[in-house]
Structures are given as C-alpha cells and as structure tokens.
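To keep things clear, I will list the structure first and then write my remarks on it.
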Amino acid sequence: MEYDSFLTCDETMTSQVISSDDILLKLCHSVCHVLSSTTASQVSHAAMVQSITKTCLKPDLGCFSIFDGGFSGLVVINFSAPAAVEIYQAYMKQMGMPESELAFSHTSDEVGDVMGELMNQILGDFIVKVNKELQTSINQSQPKMLTINKELTISIDTNLDEAVARRVAFKTARNHIFYLEYAMDKTEFIKLAEFEHEEDDPDALLAQHGQGSQAADPSWSAAVNSAVVVDDSDDLMKELGI
C-alpha cells in the first residue's frame with residue numbers, strides 16, 4: 001500500500017473554530033512527534049483521513065486507551081508486526097541496548113511493553129496540547145496493548161454526543177504502515193479571545209507519561225505483562241462495548 005503524500009508535524013491551525021477533526025490532527029502530530037523523537041527516525045501521517053463507522057483492534061499488535069473530561073473518546077493504534085518491531089528496535093537502540101539483545105518478534109513481552117509505554121507518551125503529549133491550546137481538561141485510561149490474530153470491534157460503553165470516527169494511516173522510516181483509529185464526541189471549540197499558553201516542565205511531563213519511574217521500576221513491567229494477559233477482564237468488559 002503506497003501513499004504519495006505524508007505530512008510531518010509542523011502544520012499549524014489558524015482557524016478560530018477548532019473541530020473534532022482539528023483535535024484529531026493534534027493527536028496525529030503527537031503520534032509522529034513522539035515516535036520520531038524517541039526512535040530518531042521519521043514517522044509521518046497520511047494527508048487523507050478516512051471516515052469509518054466503528055473502531056477495531058486489528059492484527060498484529062493493537063493498543064487502545066479511553067479518555068474523558070472536557071470531551072470523551074477512544075484511541076486505537078493498530079501496528080503490523082513489521083512496524084511494531086521496527087519502532088521497538090529503534091527505540092531500544094536509542095536507549096543504548098545492543099542489537100544482540102533485542103527481541104525480533106512482535107509477540108515478545110518486551111515489544112508489547114515498549115509499545116505500551118510509547119502509547120502512554122503519545123497520549124501524554126496529546127493531553128498537554130489539549131489542556132494548553134483548548135483550555136479544557138481530559139484524562140486517559142492506562143493504555144492496553146494486545147497481541148491478536150483476529151479483528152476485534154471495540155467501543156466506549158457510554159453514548160458519545162454525535163460520535164465521529166476516523167482512521168489515519170502512518171508510515172515508518174522503513175515504509176511500514178500502521179493505523180490510528182479514533183472515536184470521539186462531535187464538538188467544536190470557539191476562540192473568543194487571544195490567550196497565552198503556559199509553559200510546562202518537560203522533565204515533569206516525561207516522568208508522568210514516559211520514561212520516568214514506570215520504565216525504571218521492574219514491578220511496572222510485571223504489572224504490564226499481567227495486565228495484557230489477565231487485564232482484570234470484568235473491568236475491561238465494563239470499559240468496552242464487547
């Protein structure tokens with residue numbers, strides 16, 4: 001599957017009315033910014049967005065998180081096995097791990113742990129943008145990472161306000177494709193006056209959403225593995241419309 005035009009993270013919005021699709025663009029920027037910076041490689045998103053009717057987890061590695069607050073929604077990222085392994089290996093090399101110690105299968109626990117951590121960083125970056133630029137607050141659930149071989153339809157177990165669902169394709173440096181699927185309230189934010197953005201402490205944001213105590217704590221890795229296998233099925237079924 002080939003895409004002639006992929007976008008980097010430098011686009012800016014000038015509209016006084018920010019729609020659901022503008023919010024999606026912010027999320028796409030967070031995906032390519034976080035993955036590009038943590039892997040020292042270029043990750044880009046397609047110039048076209050697809051309107052869909054449902055969100056699905058798809059093979060080979062699917063990750064999802066629910067957010068709520070100023071608006072509600074669901075984020076799903078579906079990685080093909082080659083895309084997941086490429087991103088994992090590039091990230092671990094950036095962290096100083098020798099190639100001989102890297103995992104080479106997307107089913108490896110290490111790959112799932114790293115992709116879950118990156119998903120957490122992506123959503124952390126997105127939430128900071130939303131809080132700062134839209135002057136509203138949203139919260140995320142802990143991302144869930146699943147290795148699957150069949151498509152699984154998921155939804156939020158609440159009624160969204162005129163829900164919109166979108167799919168966006170992303171491309172890695174080695175031209176592996178993965179997809180983001182997104183469902184949220186149909187909403188608009190209208191800027192009434194100019195305002196200044198408050199600056200946040202990058203170290204505090206990393207500690208909260210990325211490479212901080214979770215990655216350094218061995219118990220966190222064990223907890224993630226347990227969550228992927230068991231994942232408190234009762235709570236998970238309540239979160240999802242499965």
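Each chain in the structure tokens gets a letter, A, B, ..., in the order shown, and its residues are numbered from 1; ligands are numbered from 1 in order too.
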
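Residues in contact with Gly116 in chain A at 7 Å, where only C-alpha atoms are counted and same-chain residues fewer than 3 positions away are skipped, are listed as A:Gly112, A:Asp113, A:Met119, A:Asn120, A:Pro143, A:Lys144, A:Met145.
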
Written selection (N, CA, C and O atoms) as a PDB file, in the first residue's frame:
```pdb
ATOM      1  N   GLY A 112       5.682  -5.600  23.439  1.00  0.00           N
ATOM      2  CA  GLY A 112       4.409  -5.096  23.948  1.00  0.00           C
ATOM      3  C   GLY A 112       4.590  -4.041  25.017  1.00  0.00           C
ATOM      4  O   GLY A 112       3.876  -3.025  25.048  1.00  0.00           O
ATOM      5  N   ASP A 113       5.580  -4.249  25.927  1.00  0.00           N
ATOM      6  CA  ASP A 113       5.828  -3.276  26.992  1.00  0.00           C
ATOM      7  C   ASP A 113       6.265  -1.932  26.420  1.00  0.00           C
ATOM      8  O   ASP A 113       5.776  -0.875  26.834  1.00  0.00           O
ATOM      9  N   MET A 119       2.754   4.446  23.612  1.00  0.00           N
ATOM     10  CA  MET A 119       1.356   4.879  23.530  1.00  0.00           C
ATOM     11  C   MET A 119       1.048   5.838  24.682  1.00  0.00           C
ATOM     12  O   MET A 119       0.359   6.851  24.511  1.00  0.00           O
ATOM     13  N   ASN A 120       1.579   5.536  25.859  1.00  0.00           N
ATOM     14  CA  ASN A 120       1.358   6.393  27.015  1.00  0.00           C
ATOM     15  C   ASN A 120       1.990   7.768  26.797  1.00  0.00           C
ATOM     16  O   ASN A 120       1.401   8.810  27.138  1.00  0.00           O
ATOM     17  N   PRO A 143      -3.167   2.752  28.851  1.00  0.00           N
ATOM     18  CA  PRO A 143      -3.249   2.061  27.553  1.00  0.00           C
ATOM     19  C   PRO A 143      -3.165   0.549  27.715  1.00  0.00           C
ATOM     20  O   PRO A 143      -2.400   0.036  28.525  1.00  0.00           O
ATOM     21  N   LYS A 144      -3.970  -0.172  26.936  1.00  0.00           N
ATOM     22  CA  LYS A 144      -3.960  -1.636  26.920  1.00  0.00           C
ATOM     23  C   LYS A 144      -3.371  -2.102  25.595  1.00  0.00           C
ATOM     24  O   LYS A 144      -3.812  -1.664  24.540  1.00  0.00           O
ATOM     25  N   MET A 145      -2.389  -2.979  25.650  1.00  0.00           N
ATOM     26  CA  MET A 145      -1.724  -3.491  24.452  1.00  0.00           C
ATOM     27  C   MET A 145      -2.032  -4.970  24.320  1.00  0.00           C
ATOM     28  O   MET A 145      -1.827  -5.748  25.263  1.00  0.00           O
TER      29      MET A 145
END
```

I'd like the contact shell of Ile190 in chain A - 12 Å cut-off, only C-alpha atoms, skipping same-chain residues fewer than 6 positions apart - returned as a VMD selection string. chain A and resid 14 to 20 22 133 to 135

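You can rank A:Tyr179, A:Phe126, A:Tyr91, A:Phe104 by their closest distance to Ile138 in chain A using only C-alpha atoms, and at the top of that list sits A:Phe126.
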
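From CA of Thr153 in chain A back to CA of Ala83 in chain A, the distance works out to 21.4 Å.
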
Contacts of Ala84 in chain A within 8 Å, only C-alpha atoms, excl. fewer than 4 positions in-chain, as a PDB file with C-alpha atoms, in the first residue's frame:
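New file around-v7.pdb:
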```pdb
ATOM      1  CA  LEU A  61      -0.478  -5.607  17.766  1.00  0.00           C
ATOM      2  CA  PHE A  79       0.559  -1.951  14.402  1.00  0.00           C
ATOM      3  CA  SER A  80       1.544  -4.534  11.842  1.00  0.00           C
ATOM      4  CA  TYR A  88      10.594  -1.140  19.223  1.00  0.00           C
ATOM      5  CA  HIS A 106       6.049  -8.724  17.845  1.00  0.00           C
ATOM      6  CA  VAL A 111       7.860  -5.385  22.362  1.00  0.00           C
ATOM      7  CA  MET A 115       4.783  -0.072  22.539  1.00  0.00           C
TER       8      MET A 115
END
```

Could you name the residues that touch Gln140 in chain A at 10 Å or less, counting only C-alpha atoms, but leaving out those on the same chain fewer than 4 positions away, as a PyMOL selection string? chain A and resi 65-69+72-75+120+123-124+127
